[in-house]
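Visitor: my_file-v3.csv (CSV, C-alpha atoms and all ligand atoms) pasted underneath:
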```csv
chain,number,residue,atom,x,y,z
A,1,MET,CA,1.0,7.4,23.5
A,2,ASN,CA,3.9,9.6,22.4
A,3,PRO,CA,3.1,12.5,20.2
A,4,HIS,CA,2.9,12.4,16.4
A,5,ILE,CA,4.6,15.6,15.2
A,6,LEU,CA,5.1,16.9,11.7
A,7,ILE,CA,7.7,19.7,11.1
A,8,LEU,CA,7.4,21.6,7.9
A,9,GLY,CA,9.6,24.4,6.4
A,10,ALA,CA,11.9,25.2,3.5
A,11,PRO,CA,15.4,23.7,3.2
A,12,GLY,CA,17.4,25.4,5.9
A,13,ALA,CA,14.4,26.6,8.0
A,14,GLY,CA,15.7,24.7,11.1
A,15,LYS,CA,13.7,21.5,11.0
A,16,GLY,CA,16.7,19.3,11.9
A,17,THR,CA,17.9,21.6,14.6
A,18,GLN,CA,14.4,21.8,16.3
A,19,SER,CA,13.8,18.1,15.7
A,20,ASP,CA,16.8,17.3,17.9
A,21,ASN,CA,15.3,19.4,20.7
A,22,ILE,CA,11.9,17.7,20.3
A,23,VAL,CA,13.5,14.2,20.5
A,24,GLU,CA,15.3,15.2,23.7
A,25,GLU,CA,12.3,16.8,25.3
A,26,PHE,CA,9.5,14.4,24.2
A,27,GLY,CA,11.3,11.1,23.7
A,28,VAL,CA,10.0,10.6,20.2
A,29,GLU,CA,11.8,9.2,17.2
A,30,HIS,CA,13.3,11.5,14.6
A,31,VAL,CA,12.1,10.2,11.2
A,32,THR,CA,13.9,12.1,8.4
A,33,THR,CA,13.7,11.2,4.8
A,34,GLY,CA,16.8,13.4,4.0
A,35,ASP,CA,19.1,11.4,6.3
A,36,ALA,CA,17.6,8.1,5.3
A,37,LEU,CA,18.2,8.9,1.6
A,38,ARG,CA,21.7,10.2,2.2
A,39,ALA,CA,22.5,6.9,3.9
A,40,ASN,CA,21.2,5.2,0.7
A,41,LYS,CA,22.4,7.5,-2.0
A,42,GLY,CA,23.8,4.7,-4.1
A,43,MET,CA,20.9,2.3,-3.7
A,44,ASP,CA,20.0,0.7,-7.0
A,45,ILE,CA,16.5,1.7,-8.0
A,46,SER,CA,16.9,0.9,-11.7
A,47,HIS,CA,14.2,-1.7,-11.6
A,48,LEU,CA,11.6,1.1,-11.1
A,49,GLY,CA,12.4,2.4,-14.6
A,50,LEU,CA,12.6,6.1,-13.4
A,51,GLU,CA,14.7,8.9,-14.8
A,52,TYR,CA,17.8,8.1,-12.7
A,53,ASP,CA,19.1,4.8,-11.2
A,54,THR,CA,20.0,6.0,-7.7
A,55,PRO,CA,18.5,8.5,-5.1
A,56,GLY,CA,21.8,10.4,-5.1
A,57,GLU,CA,21.4,11.5,-8.7
A,58,TYR,CA,18.2,13.3,-7.8
A,59,MET,CA,19.6,14.7,-4.6
A,60,ASP,CA,22.8,16.2,-6.0
A,61,ARG,CA,20.6,18.1,-8.5
A,62,GLY,CA,18.3,19.4,-5.8
A,63,GLU,CA,15.4,17.5,-7.3
A,64,LEU,CA,12.9,15.4,-5.4
A,65,VAL,CA,13.5,11.6,-5.2
A,66,PRO,CA,10.4,9.8,-6.7
A,67,ASP,CA,7.5,9.2,-4.3
A,68,GLU,CA,7.6,5.4,-4.6
A,69,VAL,CA,11.1,5.3,-3.1
A,70,VAL,CA,10.4,7.8,-0.3
A,71,ASP,CA,6.9,6.6,0.7
A,72,GLU,CA,8.2,3.2,1.5
A,73,ILE,CA,11.0,4.6,3.7
A,74,VAL,CA,8.4,6.6,5.7
A,75,GLU,CA,5.9,3.8,6.0
A,76,THR,CA,8.6,1.4,7.5
A,77,ALA,CA,10.0,4.1,9.9
A,78,LEU,CA,6.5,5.1,11.2
A,79,ASP,CA,5.5,1.5,11.7
A,80,GLU,CA,8.5,1.1,14.0
A,81,ALA,CA,8.2,4.4,15.9
A,82,ASP,CA,6.4,5.0,19.2
A,83,GLY,CA,5.8,8.7,18.7
A,84,TYR,CA,7.8,10.6,16.1
A,85,VAL,CA,8.8,13.9,14.7
A,86,LEU,CA,8.6,13.6,10.9
A,87,ASP,CA,11.0,15.9,9.0
A,88,GLY,CA,11.5,16.2,5.3
A,89,TYR,CA,8.2,14.5,4.3
A,90,PRO,CA,5.7,15.1,2.8
A,91,ARG,CA,7.2,17.3,0.1
A,92,ASN,CA,4.3,17.3,-2.4
A,93,LEU,CA,0.5,16.9,-2.2
A,94,ALA,CA,0.6,13.2,-3.3
A,95,GLN,CA,3.0,12.4,-0.4
A,96,ALA,CA,0.6,14.4,2.0
A,97,GLU,CA,-2.3,12.2,0.9
A,98,THR,CA,-0.2,9.0,1.3
A,99,LEU,CA,0.8,10.1,4.8
A,100,ALA,CA,-2.8,10.7,5.7
A,101,SER,CA,-3.6,7.1,4.8
A,102,MET,CA,-0.7,5.9,7.0
A,103,THR,CA,-1.0,7.8,10.3
A,104,ASP,CA,-2.8,10.5,12.3
A,105,LEU,CA,-0.9,13.7,13.3
A,106,ASP,CA,-1.3,15.6,16.5
A,107,VAL,CA,0.2,18.8,15.1
A,108,ALA,CA,1.9,20.2,12.0
A,109,LEU,CA,4.5,22.9,12.8
A,110,TYR,CA,5.6,25.3,10.1
A,111,LEU,CA,8.9,27.2,10.5
A,112,ASP,CA,8.6,30.4,8.5
A,113,VAL,CA,12.0,31.8,7.2
A,114,ASP,CA,12.7,34.2,4.3
A,115,GLU,CA,14.7,32.9,1.2
A,116,ASP,CA,17.8,35.1,1.7
A,117,VAL,CA,18.2,33.8,5.3
A,118,LEU,CA,17.7,30.2,4.1
A,119,VAL,CA,20.6,30.5,1.6
A,120,GLU,CA,22.9,31.9,4.3
A,121,ARG,CA,21.9,29.1,6.6
A,122,LEU,CA,22.4,26.3,4.0
A,123,THR,CA,25.7,27.4,2.6
A,124,GLY,CA,27.2,27.8,6.2
A,125,ARG,CA,25.8,24.5,7.5
A,126,ARG,CA,28.2,21.8,8.7
A,127,VAL,CA,27.2,18.3,9.8
A,128,CYS,CA,29.0,15.8,12.0
A,129,GLU,CA,29.7,12.6,9.9
A,130,GLU,CA,29.6,10.5,13.1
A,131,CYS,CA,26.5,11.6,15.0
A,132,GLY,CA,24.7,13.9,12.6
A,133,ALA,CA,24.8,17.0,14.8
A,134,THR,CA,24.3,20.2,12.9
A,135,TYR,CA,26.4,23.4,13.2
A,136,HIS,CA,26.7,26.7,11.3
A,137,VAL,CA,30.0,28.4,10.7
A,138,GLU,CA,28.7,31.7,11.8
A,139,PHE,CA,25.4,31.2,13.7
A,140,SER,CA,26.2,28.1,15.8
A,141,PRO,CA,29.9,27.3,15.3
A,142,PRO,CA,31.6,24.3,17.1
A,143,GLU,CA,34.1,25.2,19.8
A,144,GLU,CA,36.9,23.9,17.6
A,145,GLU,CA,36.6,24.4,13.8
A,146,GLY,CA,35.7,21.2,12.0
A,147,VAL,CA,35.2,19.1,15.1
A,148,CYS,CA,31.9,18.0,16.7
A,149,ASP,CA,31.4,19.3,20.2
A,150,ARG,CA,29.1,16.4,21.0
A,151,CYS,CA,31.3,13.4,19.9
A,152,GLY,CA,34.6,14.7,18.5
A,153,GLY,CA,33.7,13.5,14.9
A,154,ASP,CA,34.7,15.4,11.8
A,155,LEU,CA,32.3,18.0,10.3
A,156,TYR,CA,31.5,18.1,6.6
A,157,GLN,CA,29.6,20.2,4.2
A,158,ARG,CA,26.7,18.5,2.4
A,159,GLU,CA,27.1,18.2,-1.4
A,160,ASP,CA,23.8,19.9,-2.0
A,161,ASP,CA,24.6,22.9,0.3
A,162,THR,CA,26.3,24.9,-2.5
A,163,GLU,CA,24.6,28.2,-3.3
A,164,GLU,CA,23.4,27.0,-6.7
A,165,THR,CA,21.9,23.8,-5.4
A,166,ALA,CA,20.4,25.5,-2.4
A,167,ARG,CA,18.6,28.0,-4.6
A,168,GLU,CA,17.3,25.1,-6.8
A,169,ARG,CA,16.1,23.3,-3.7
A,170,ILE,CA,14.2,26.4,-2.5
A,171,ARG,CA,12.6,26.7,-6.0
A,172,VAL,CA,11.6,23.0,-5.9
A,173,TYR,CA,10.2,23.7,-2.4
A,174,GLU,CA,8.1,26.6,-3.5
A,175,GLU,CA,6.7,24.7,-6.4
A,176,ASN,CA,6.0,21.3,-4.7
A,177,THR,CA,6.0,21.8,-0.9
A,178,ALA,CA,4.4,25.2,-0.3
A,179,PRO,CA,1.0,23.7,-1.3
A,180,VAL,CA,1.6,21.0,1.5
A,181,VAL,CA,1.6,23.9,4.0
A,182,GLU,CA,-1.8,25.1,2.7
A,183,PHE,CA,-3.0,21.5,2.9
A,184,TYR,CA,-2.4,21.3,6.6
A,185,ASP,CA,-3.6,24.8,7.2
A,186,GLU,CA,-7.0,24.0,5.5
A,187,ARG,CA,-7.4,21.0,7.8
A,188,GLY,CA,-6.8,23.2,10.9
A,189,ASP,CA,-3.7,21.2,11.9
A,190,LEU,CA,-1.1,23.9,11.2
A,191,VAL,CA,0.8,26.1,13.7
A,192,ARG,CA,2.9,28.8,12.1
A,193,ILE,CA,6.1,29.6,13.9
A,194,ASP,CA,8.5,32.5,13.2
A,195,GLY,CA,11.7,30.6,12.3
A,196,GLU,CA,14.0,33.7,12.1
A,197,GLY,CA,14.7,34.1,15.9
A,198,SER,CA,17.7,32.5,17.6
A,199,PRO,CA,17.5,28.7,17.9
A,200,ASP,CA,16.5,29.1,21.5
A,201,GLU,CA,13.7,31.5,20.7
A,202,VAL,CA,12.4,29.2,18.0
A,203,TRP,CA,12.6,26.3,20.4
A,204,ALA,CA,10.4,28.1,23.0
A,205,ASP,CA,7.7,28.6,20.4
A,206,VAL,CA,8.0,25.0,19.1
A,207,LYS,CA,7.7,23.5,22.6
A,208,ASP,CA,4.7,25.7,23.5
A,209,ALA,CA,3.0,24.6,20.2
A,210,ILE,CA,3.5,20.9,20.9
A,211,GLU,CA,2.4,21.2,24.6
A,212,SER,CA,-0.8,22.9,23.6
A,213,ASN,CA,-1.6,20.6,20.7
A,214,ALA,CA,-0.3,17.1,21.4
A,301,LIG,P1,16.6,22.0,7.9
A,301,LIG,O1,16.7,20.7,8.6
A,301,LIG,O2,15.3,22.7,7.9
A,301,LIG,O3,17.2,22.0,6.5
A,301,LIG,P2,18.8,22.8,9.8
A,301,LIG,O4,18.2,22.5,11.1
A,301,LIG,O5,19.8,21.8,9.3
A,301,LIG,O6,17.6,23.0,8.7
A,301,LIG,O7,19.4,24.3,9.8
A,301,LIG,C1,20.1,24.8,8.7
A,301,LIG,C2,21.3,25.6,9.1
A,301,LIG,O8,20.8,26.8,9.9
A,301,LIG,C3,22.2,24.9,10.1
A,301,LIG,O9,23.5,25.3,9.8
A,301,LIG,C4,21.8,25.3,11.5
A,301,LIG,O10,22.9,25.3,12.4
A,301,LIG,C5,21.3,26.8,11.2
A,301,LIG,N1,20.2,27.2,12.0
A,301,LIG,C6,19.1,26.4,12.4
A,301,LIG,N2,18.2,27.2,13.1
A,301,LIG,C7,18.8,28.4,13.2
A,301,LIG,C8,18.3,29.7,13.8
A,301,LIG,N3,17.2,29.7,14.5
A,301,LIG,N4,19.1,30.8,13.6
A,301,LIG,C9,20.3,30.7,12.9
A,301,LIG,N5,20.8,29.6,12.4
A,301,LIG,C10,20.0,28.4,12.5
A,302,LIG,P1,16.8,17.3,3.2
A,302,LIG,O1,17.8,16.6,4.0
A,302,LIG,O2,15.4,17.3,3.8
A,302,LIG,O3,17.2,18.7,2.8
A,302,LIG,O4,16.7,16.5,1.8
A,302,LIG,C1,17.8,16.4,0.9
A,302,LIG,C2,17.3,15.8,-0.4
A,302,LIG,O5,16.8,14.5,-0.2
A,302,LIG,C3,16.2,16.6,-1.1
A,302,LIG,O6,16.7,17.7,-1.8
A,302,LIG,C4,15.6,15.5,-2.0
A,302,LIG,O7,16.4,15.3,-3.1
A,302,LIG,C5,15.6,14.3,-1.1
A,302,LIG,N1,14.4,14.2,-0.3
A,302,LIG,C6,14.3,14.2,1.1
A,302,LIG,N2,13.0,14.0,1.4
A,302,LIG,C7,12.3,13.8,0.3
A,302,LIG,C8,10.9,13.6,0.1
A,302,LIG,N3,10.0,13.6,1.0
A,302,LIG,N4,10.5,13.5,-1.2
A,302,LIG,C9,11.4,13.5,-2.2
A,302,LIG,N5,12.7,13.7,-2.1
A,302,LIG,C10,13.2,13.9,-0.8
```
Give the structure from the file, written as structure tokens.
Ligand code: ADP
Ligand code: AMP
Guide:
Amino acid sequence: MNPHILILGAPGAGKGTQSDNIVEEFGVEHVTTGDALRANKGMDISHLGLEYDTPGEYMDRGELVPDEVVDEIVETALDEADGYVLDGYPRNLAQAETLASMTDLDVALYLDVDEDVLVERLTGRRVCEECGATYHVEFSPPEEEGVCDRCGGDLYQREDDTEETARERIRVYEENTAPVVEFYDERGDLVRIDGEGSPDEVWADVKDAIESNA
């Protein structure tokens, strides 16, 4: 059976970057709530009677999309996956409990990065609109500005990667998601990884942690 990997860390910690490496090396599925929600930003959720009528209204404010919307996305994706790296979920303790009722994890990786570094990474991030590859204007620029090395697609900046929204997302992370890291630590599933090295240095530690736990 392919491994069940959870990757945790603040916005900008490098979860997507390392998930791409994990997919390539271990042949698992990348299950990411952020991408799934971005593809469904305008979905009508008014029947749920929540504060806003679409996921996008939460996302553009840096707030969490309500659990009932996100839980269902994850349940469907995990049911269909033979081995996965789960990225962006759980983001609060209720989601962590829901996940525990859905699946067993082999390992929970936590990428540890300081807030100032996170803001620099988020505001400089660029993403390919065709294939989703991630770049950074300074730390991992494409060969040609604005063009994806992998597929030639156009690169764009996410609407929530402004400094103001990035800081709000980090605040929401500290309030809601930091306790999730403790949750896995207390269960003995957590491997802490220094996320501030180069992408290759972080990858060496991520790979080791998976090989010795999954
Ligand atoms: P997350 O998925 O955790 O939000 P990403 O993987 O999208 O984070 O990375 C955020 C930004 O930081 C991207 O622009 C990415 O290219 C860059 N990045 C990722 N890992 C590193 C690293 N180890 N060193 C420098 N920049 C990095
Ligand atoms: P990300 O791509 O992981 O940075 O997520 C972008 C945005 O999507 C977040 O700021 C939230 O608004 C929303 N989101 C992603 N995952 C979740 C989740 N597990 N729970 C609630 N909201 C989420």
Visitor: CA of Gly188 in chain A and atom O1 of ligand LIG 302 (chain A), how far apart in Å?
Guide: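 Atom O1 of ligand LIG 302 (chain A) sits 26.4 Å away from CA of Gly188 in chain A.
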Visitor: Output the neighbourhood of ligand LIG 301 (chain A) as JSON, numbers by chain, that is, all protein and nucleic acid residues with some atom at most 7 Å from the ligand, counting all atoms listed in the file.
Guide: {"A": [9, 10, 11, 12, 13, 14, 15, 16, 17, 18, 121, 122, 124, 125, 126, 134, 135, 136, 139, 140, 195, 196, 197, 198, 199, 202]}
Visitor: Would you list the contacts of range 171-183 of chain A as a list in words, taking every protein, DNA or RNA residue within 8 Å and counting only C-alpha atoms, but skipping same-chain residues closer than 2 positions in sequence?
Guide: Leu8, Ala10, Pro11, Gly62, Glu63, Leu64, Pro90, Arg91, Asn92, Leu93, Ala96, Tyr110, Arg167, Glu168, Arg169, Asp185, Glu186, Arg187 and Leu190 of chain A
Visitor: For ligand LIG 302 (chain A), which of A:Trp203, A:Phe26, A:Tyr52, A:Tyr58 is the closest residue, counting only C-alpha atoms and all ligand atoms?
Guide: A:Tyr58
Visitor: If you count only C-alpha atoms, which residues fall within 12 Å of Gly152 in chain A, apart from same-chain ones fewer than 4 positions away, as a PyMOL selection string?
Guide: chain A and resi 127-133+142-148
Visitor: Go through A:His47, A:Arg192, A:Lys41, A:Arg150 one by one, measure the shortest atom-to-atom distance of each to ligand LIG 302 (chain A) using only C-alpha atoms and all ligand atoms, and give the residue with the smallest value.
Guide: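 Ranking A:His47, A:Arg192, A:Lys41, A:Arg150 by distance to ligand LIG 302 (chain A), first place goes to A:Lys41.
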Visitor: Please measure the separation of CA of Tyr156 in chain A and atom C1 of ligand LIG 302 (chain A), giving the value in Å to one decimal.
Guide: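 For CA of Tyr156 in chain A relative to atom C1 of ligand LIG 302 (chain A), the distance reads 14.9 Å.
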Visitor: May I ask which of the residues A:Asp116, A:Asp154, A:Asp87, A:Asp60 is the closest one to Asp20 in chain A, counting only C-alpha atoms?
Guide: A:Asp87
Visitor: Rounded to one decimal place, report the CA of Ile7 in chain A-CA of Met43 in chain A distance in Å.
Guide: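 Taking CA of Ile7 in chain A as the start and CA of Met43 in chain A as the end point, the length is 26.4 Å.
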Visitor: If you count all atoms listed in the file, which residues fall within 9 Å of Gly34 in chain A, apart from same-chain ones fewer than 2 positions away, as a list in words?
Guide: Thr32, Ala36, Leu37, Arg38, Ala39, Asp87, Gly88 and Tyr89 of chain A
Visitor: Could you check which of A:Asp53, A:Glu138, A:Glu75, A:Glu24 is closest to Met102 in chain A, using only C-alpha atoms?
Guide: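 Looking at the shortest contact to Met102 in chain A, the residue is A:Glu75.
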Visitor: Which residues, protein or nucleic acid, reach to within 7 Å of (23.4, 18.7, -2.6) in the file's coordinates when using all atoms listed in the file, and can you give that as a PyMOL selection string?
Guide: chain A and resi 59-62+158-162+165
Visitor: For a quick check of understanding, using all atoms listed in the file, which of A:Glu201, A:Asp44, A:Glu57, A:Glu51 has the smallest distance to ligand LIG 302 (chain A)?
Guide: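 Between A:Glu201, A:Asp44, A:Glu57, A:Glu51, the residue approaching ligand LIG 302 (chain A) most closely is A:Glu57.
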Visitor: With all atoms listed in the file as the basis for distance, which of A:Leu155, A:Val113, A:Leu86, A:Ala166 is at the shortest distance from Ile22 in chain A?
Guide: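 Looking at the shortest contact to Ile22 in chain A, the residue is A:Leu86.
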Visitor: Find the residues with any atom within 10 Å of (2.4, 23.0, 20.1); use only C-alpha atoms and the coordinates as given in the file, and write the answer as a compact mmCIF listing (two decimals) with C-alpha atoms, keeping the file's coordinate frame.
Guide:
```
# COMPACT_ATOMS: atom_id res chain seq x y z
CA ILE A 5 4.60 15.60 15.20
CA ASP A 106 -1.30 15.60 16.50
CA VAL A 107 0.20 18.80 15.10
CA ALA A 108 1.90 20.20 12.00
CA LEU A 109 4.50 22.90 12.80
CA LEU A 190 -1.10 23.90 11.20
CA VAL A 191 0.80 26.10 13.70
CA ARG A 192 2.90 28.80 12.10
CA ILE A 193 6.10 29.60 13.90
CA ALA A 204 10.40 28.10 23.00
CA ASP A 205 7.70 28.60 20.40
CA VAL A 206 8.00 25.00 19.10
CA LYS A 207 7.70 23.50 22.60
CA ASP A 208 4.70 25.70 23.50
CA ALA A 209 3.00 24.60 20.20
CA ILE A 210 3.50 20.90 20.90
CA GLU A 211 2.40 21.20 24.60
CA SER A 212 -0.80 22.90 23.60
CA ASN A 213 -1.60 20.60 20.70
CA ALA A 214 -0.30 17.10 21.40
```
Visitor: Write out as a list in words which residues come within 9 Å of Asp67 in chain A when counting all atoms listed in the file, dropping same-chain ones fewer than 3 positions away.
Guide: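 In the requested form, the answer reads Leu64, Val70, Asp71, Glu72, Asn92, Ala94 and Gln95 of chain A.
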